[in-house]
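*Asks:* My questions all concern the structure below.
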Amino acid sequence: MTPSKIPEQATTVLEKLFEAHFNKKPLKRELLPVSGSDRRYYRISAGTVSAIGTYNANVSENNTFFYFTELFRKHGIHVPEVYSMSKDRKAYLQQDLGTTTLFGQLMKEGYTKGVLENYKKSITQLARAQWLAGREADYKQCFASDRFNEKAIMSDLLYFKYYFADLQQIPYDRILLISEMEEMSKDLGRVQPLMLMYRDFQSRNIMVHNDEVYFIDYQGCMQGPPQYDIASLLWQARAQLPDAWKEELLNTYIAYLKEIHAPRMDEIHFRKGYSQFVLVRLLQVLGAYGFRGLLQHKPHFISSIGPALKNIENFLATHPHLPSYPEFRSLLEKISSPEMQQRYAAPKKQEDVKLQVQIYSFSYKNGIPKDKGTHGGGYVFDCRGLLNPGRYAAYKHLTGLDEPVAAFLEKETRMPEFIEHAFNLVSLNVDDYLARGFDQLTVAFGCTGGQHRSVYAAERLAEYLKVKYNIPVQVTHLNEKKWVLSSETESQ
């Protein structure tokens, strides 16, 4: 899929599906935030009628989604209805479930009875998916992997080792650790029974719609240990569910398994396996935070490391026998130590910090802005080497502040690589300036029109510096008054 073809090709096909299904011409379309895959989501509407249009050139992945959607709905599991699909099965129209995720509800309302009730609904719906739909599922329909086995478990553990543990410069016996990880993978690879496994069952993949919960993004379903999904939901780092909630929700799940007469269910062995897969999930997530945060410098993932380390500490405190491998446990104790948690804690604002960072976006048509600081210096980054979203009709009248433009830059250009280098360079000076008591640093990002690429980069750097250093940052978009926001503005 090429950047120039995706928006027009996708929206044309999806709008035809919308008109055919609802017998109405679509009046509005909105590109939704990009997921971790190449799928594109659009909210398409005509008055009060709306649907989510999805375009994905990976037909095998789409077929997996269609298969499990039909299977889940057959067993009364709440998932979006697929209204229609294109002949080539690359585009499809599905039910619009709104914008409220279970995680969003938790962040907005807190640990209320209403939120807890939706977690209980989610956990019982999960049980139905795993044990009722799961025993009927044809796992040959899984597009990526059909089973979470010993190799997959080892992959998760190595993900943690390479992308987090090895970046902390903590001494440990690498040969012994690998040996212990292999033993742990073999042990967990023998856990039974294997049912349907969602793989990424967390509150951001659960929508709250009309007082019910709905599951989304289950294309990664495979056969695997059901405990892994429960661990994913109850131990989600950013959610930080209270221990009492975790225990109540686990008990709710087990009680519901008895209600639906789940076969081959031994509660003692199930709880033992659950504890083990909690640890696997915690480490896999920490590996993801290391990769996305420490290597790709994405602020959201950096800010998630602290809560993830707290999760590891809590797990070790309540499970003194896990992991049952001395080198592995020693490493986890070091990684979750108070010193490590402090390293990744949200920085507190220090009153004696003098440094202020001024970030500009600008248009090269108007020249490079002058540094107003007293000692000069700073950075000017040229974004013109990156593909310009303003070339395409879908983005021409938007800016780098808009989600569709951000999604385009992150998925279709080398912007992630560009800002990673920029972050590293600016951080070098910020660290030095803070140590030396300097009071000012200027950073400027320029592009052709000062509307898309430079604006996005300036905002991302500001977000990164606030998360990492908690220092005053001011962003100014110098060409804002000349932004082309409509065809009328363009003609003026």
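We name chains A, B, ... following the order of the structure tokens; residues begin at 1 in each chain, and ligands are numbered from 1 as shown.
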Find the nearest atom pair between each residue of stretch 32-76 of chain A and stretch 13-26 of chain A for residues within 6 Å, count only C-alpha atoms, give distances in Å to one decimal, sort rows by chain and ascending number, and present the table as a Markdown table.
*Replies:*
```
| residue | atom | partner | partner_atom | distance |
| --- | --- | --- | --- | --- |
| A:Ser45 | CA | A:Pro26 | CA | 5.4 |
| A:Ala46 | CA | A:Pro26 | CA | 4.8 |
| A:Gly53 | CA | A:Leu14 | CA | 5.8 |
```
*Asks:* Keeping only N, CA and C atoms, write those residues as a compact mmCIF listing (two decimals), in the first residue's frame.
*Replies:*
```txt
# COMPACT_ATOMS: atom_id res chain seq x y z
N SER A 45 -20.23 8.73 8.34
CA SER A 45 -21.55 9.04 8.86
C SER A 45 -22.38 9.84 7.88
N ALA A 46 -23.68 9.76 8.12
CA ALA A 46 -24.67 10.57 7.39
C ALA A 46 -25.76 10.91 8.39
N GLY A 53 -15.55 2.17 8.97
CA GLY A 53 -15.01 1.54 7.77
C GLY A 53 -13.58 1.13 8.01
```
*Asks:* List the spatial neighbours of A:Tyr92 as a list in words - criterion: any atom at most 9 Å away, only C-alpha atoms, same-chain residues fewer than 2 positions off excluded.
*Replies:*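 Near neighbours after the sequence-gap exclusion: Val13, Leu14, Leu17, Ile52, Gly53, Thr54, Tyr55, Asn56, Asn62, Val82, Tyr83, Ser84, Met85, Ser86, Arg89, Lys90 and Gln94 of chain A.
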*Asks:* Can you write just those residues out, N, CA and C atoms, as an mmCIF file, in the first residue's frame?
*Replies:*
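Okay, this is what ended up in result-v7.cif:
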```cif
data_model
loop_
_atom_site.group_PDB
_atom_site.id
_atom_site.type_symbol
_atom_site.label_atom_id
_atom_site.label_comp_id
_atom_site.auth_asym_id
_atom_site.auth_seq_id
_atom_site.Cartn_x
_atom_site.Cartn_y
_atom_site.Cartn_z
ATOM 1 N N VAL A 13 -13.975 2.977 -1.673
ATOM 2 C CA VAL A 13 -14.598 1.667 -1.497
ATOM 3 C C VAL A 13 -15.517 1.663 -0.287
ATOM 4 N N LEU A 14 -15.058 2.226 0.813
ATOM 5 C CA LEU A 14 -15.845 2.205 2.045
ATOM 6 C C LEU A 14 -17.102 3.053 1.934
ATOM 7 N N LEU A 17 -19.656 1.050 0.164
ATOM 8 C CA LEU A 17 -20.251 0.059 1.059
ATOM 9 C C LEU A 17 -21.270 0.710 1.987
ATOM 10 N N ILE A 52 -18.086 2.188 11.190
ATOM 11 C CA ILE A 52 -16.629 2.197 11.122
ATOM 12 C C ILE A 52 -16.209 1.444 9.867
ATOM 13 N N GLY A 53 -15.548 2.166 8.970
ATOM 14 C CA GLY A 53 -15.014 1.536 7.774
ATOM 15 C C GLY A 53 -13.580 1.125 8.013
ATOM 16 N N THR A 54 -13.228 -0.088 7.625
ATOM 17 C CA THR A 54 -11.872 -0.595 7.820
ATOM 18 C C THR A 54 -11.285 -1.023 6.489
ATOM 19 N N TYR A 55 -10.049 -0.615 6.250
ATOM 20 C CA TYR A 55 -9.336 -1.026 5.038
ATOM 21 C C TYR A 55 -8.025 -1.682 5.447
ATOM 22 N N ASN A 56 -7.798 -2.875 4.933
ATOM 23 C CA ASN A 56 -6.585 -3.625 5.265
ATOM 24 C C ASN A 56 -6.251 -4.534 4.089
ATOM 25 N N ASN A 62 -7.887 -10.142 7.694
ATOM 26 C CA ASN A 62 -9.311 -9.827 7.625
ATOM 27 C C ASN A 62 -10.158 -11.078 7.764
ATOM 28 N N VAL A 82 -20.355 -6.987 11.564
ATOM 29 C CA VAL A 82 -19.806 -6.644 10.252
ATOM 30 C C VAL A 82 -20.966 -6.525 9.287
ATOM 31 N N TYR A 83 -21.196 -5.299 8.796
ATOM 32 C CA TYR A 83 -22.339 -5.041 7.934
ATOM 33 C C TYR A 83 -22.123 -5.573 6.519
ATOM 34 N N SER A 84 -20.962 -5.306 5.962
ATOM 35 C CA SER A 84 -20.682 -5.721 4.589
ATOM 36 C C SER A 84 -19.187 -5.651 4.333
ATOM 37 N N MET A 85 -18.758 -6.269 3.235
ATOM 38 C CA MET A 85 -17.343 -6.255 2.873
ATOM 39 C C MET A 85 -17.216 -6.187 1.361
ATOM 40 N N SER A 86 -16.074 -5.731 0.900
ATOM 41 C CA SER A 86 -15.826 -5.653 -0.538
ATOM 42 C C SER A 86 -15.554 -7.044 -1.092
ATOM 43 N N ARG A 89 -12.362 -8.492 -0.153
ATOM 44 C CA ARG A 89 -12.276 -8.675 1.294
ATOM 45 C C ARG A 89 -11.188 -7.814 1.940
ATOM 46 N N LYS A 90 -10.824 -6.726 1.273
ATOM 47 C CA LYS A 90 -9.849 -5.802 1.835
ATOM 48 C C LYS A 90 -10.510 -4.646 2.584
ATOM 49 N N GLN A 94 -18.249 -1.949 9.628
ATOM 50 C CA GLN A 94 -18.671 -2.580 10.870
ATOM 51 C C GLN A 94 -19.367 -1.583 11.794
#
```
*Asks:* Which residue is closest to A:Ala435? Choose from A:Lys354, A:Leu322, A:Phe408, A:Tyr198 and count only C-alpha atoms.
*Replies:*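 Once distances to A:Ala435 are computed over only C-alpha atoms, the minimum belongs to A:Lys354.
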*Asks:* At a cut-off of 9 Å, using only C-alpha atoms, what residues contact A:His297? Leave out same-chain residues fewer than 3 positions from it and give the result as number ranges by chain.
*Replies:* A: 291-294, 300-302, 416, 419-420, 423-424, 464
*Asks:* Counting only C-alpha atoms, which of A:Val455, A:Leu355, A:Ala407, A:Val380 gets nearest to A:Gln440?
*Replies:*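 Of the candidates, the smallest distance to A:Gln440 is held by A:Leu355.
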*Asks:* Which is closest to A:Asn205 among A:Asn314, A:Thr101, A:Gln358, A:Asn149, if we use only C-alpha atoms?
*Replies:* A:Thr101
*Asks:* Enumerate as a PyMOL selection string all residues of stretch 86-133 of chain A assigned to strand (DSSP E or B) by DSSP on the backbone, naming them with the chain letters and numbers the document uses.
*Replies:* chain A and resi 91-95+101
*Asks:* Pick out the closest residue to A:Leu102 from this set: A:Gln202, A:Gln169, A:Ser185, A:Asn58. Count only C-alpha atoms.
*Replies:*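 Checking each candidate against A:Leu102, we get A:Gln202 as the closest.
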*Asks:* Quick one: residues within 12 Å of A:Lys186, only C-alpha atoms, excluding same-chain residues fewer than 6 positions away - as a ChimeraX atom specification?
*Replies:* /A:149-154,179-180
*Asks:* Deliver the residues from the most recent selection as a file, using N, CA and C atoms, as a PDB file, in the first residue's frame.
*Replies:*
```
ATOM      1  N   ASN A 149       2.680 -21.432  22.306  1.00  0.00           N
ATOM      2  CA  ASN A 149       3.398 -22.592  22.813  1.00  0.00           C
ATOM      3  C   ASN A 149       4.712 -22.198  23.474  1.00  0.00           C
ATOM      4  N   GLU A 150       5.557 -23.182  23.690  1.00  0.00           N
ATOM      5  CA  GLU A 150       6.842 -22.957  24.355  1.00  0.00           C
ATOM      6  C   GLU A 150       7.679 -21.892  23.643  1.00  0.00           C
ATOM      7  N   LYS A 151       7.710 -21.933  22.309  1.00  0.00           N
ATOM      8  CA  LYS A 151       8.493 -20.959  21.552  1.00  0.00           C
ATOM      9  C   LYS A 151       7.948 -19.547  21.719  1.00  0.00           C
ATOM     10  N   ALA A 152       6.622 -19.410  21.743  1.00  0.00           N
ATOM     11  CA  ALA A 152       6.015 -18.094  21.917  1.00  0.00           C
ATOM     12  C   ALA A 152       6.300 -17.534  23.306  1.00  0.00           C
ATOM     13  N   ILE A 153       6.271 -18.395  24.314  1.00  0.00           N
ATOM     14  CA  ILE A 153       6.574 -17.956  25.684  1.00  0.00           C
ATOM     15  C   ILE A 153       8.020 -17.498  25.773  1.00  0.00           C
ATOM     16  N   MET A 154       8.936 -18.267  25.174  1.00  0.00           N
ATOM     17  CA  MET A 154      10.350 -17.891  25.185  1.00  0.00           C
ATOM     18  C   MET A 154      10.548 -16.568  24.450  1.00  0.00           C
ATOM     19  N   SER A 179      19.260 -20.014  30.326  1.00  0.00           N
ATOM     20  CA  SER A 179      18.960 -21.407  30.675  1.00  0.00           C
ATOM     21  C   SER A 179      17.687 -21.484  31.519  1.00  0.00           C
ATOM     22  N   GLU A 180      17.556 -20.573  32.490  1.00  0.00           N
ATOM     23  CA  GLU A 180      16.364 -20.569  33.345  1.00  0.00           C
ATOM     24  C   GLU A 180      15.118 -20.184  32.544  1.00  0.00           C
TER      25      GLU A 180
END
```
*Asks:* I'd like to know which of A:Gln284, A:Ser361, A:Asn251, A:Asn210 is closest to A:Ala237, using only C-alpha atoms.
*Replies:*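 Using only C-alpha atoms, A:Ala237 sits closest to A:Gln284.
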*Asks:* Atom CA of A:Tyr469 to atom CA of A:Lys298: how many Å, to one decimal?
*Replies:* 14.0 Å
*Asks:* Please list as a list in words every residue within 9 Å of A:Glu480, counting only C-alpha atoms and excluding residues in the same chain fewer than 5 positions away.
*Replies:*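 Within the cut-off, the hits are Phe362, Gly450 and Gln451 of chain A.
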*Asks:* I'd like the neighbourhood of A:Asn63 as a CSV table (one decimal) with N, CA and C atoms, in the first residue's frame, where a residue qualifies if any of its atoms comes within 9 Å (using only C-alpha atoms), though same-chain residues fewer than 6 positions away should be ignored.
*Replies:*
```csv
chain,number,residue,atom,x,y,z
A,89,ARG,N,-12.4,-8.5,-0.2
A,89,ARG,CA,-12.3,-8.7,1.3
A,89,ARG,C,-11.2,-7.8,1.9
A,141,GLN,N,-7.8,-21.1,11.2
A,141,GLN,CA,-8.3,-19.8,10.7
A,141,GLN,C,-7.4,-18.6,11.2
A,142,CYS,N,-6.5,-18.9,12.2
A,142,CYS,CA,-5.6,-17.9,12.7
A,142,CYS,C,-4.6,-17.5,11.7
A,143,PHE,N,-4.5,-16.2,11.5
A,143,PHE,CA,-3.6,-15.8,10.3
A,143,PHE,C,-2.1,-15.7,10.7
A,219,GLN,N,-8.0,-10.0,16.2
A,219,GLN,CA,-7.4,-10.7,15.0
A,219,GLN,C,-6.2,-11.6,15.5
```
*Asks:* In terms of the shortest atom-to-atom distance over only C-alpha atoms, which of A:Val280, A:Ala462, A:Met195, A:Ile359 is closest to A:Leu132?
*Replies:*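 Nearest candidate to A:Leu132 out of A:Val280, A:Ala462, A:Met195, A:Ile359: A:Met195.
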*Asks:* Just the number, please: distance in Å from atom CA of A:Arg174 to atom CA of A:Ile335, one decimal.
*Replies:* 14.9 Å
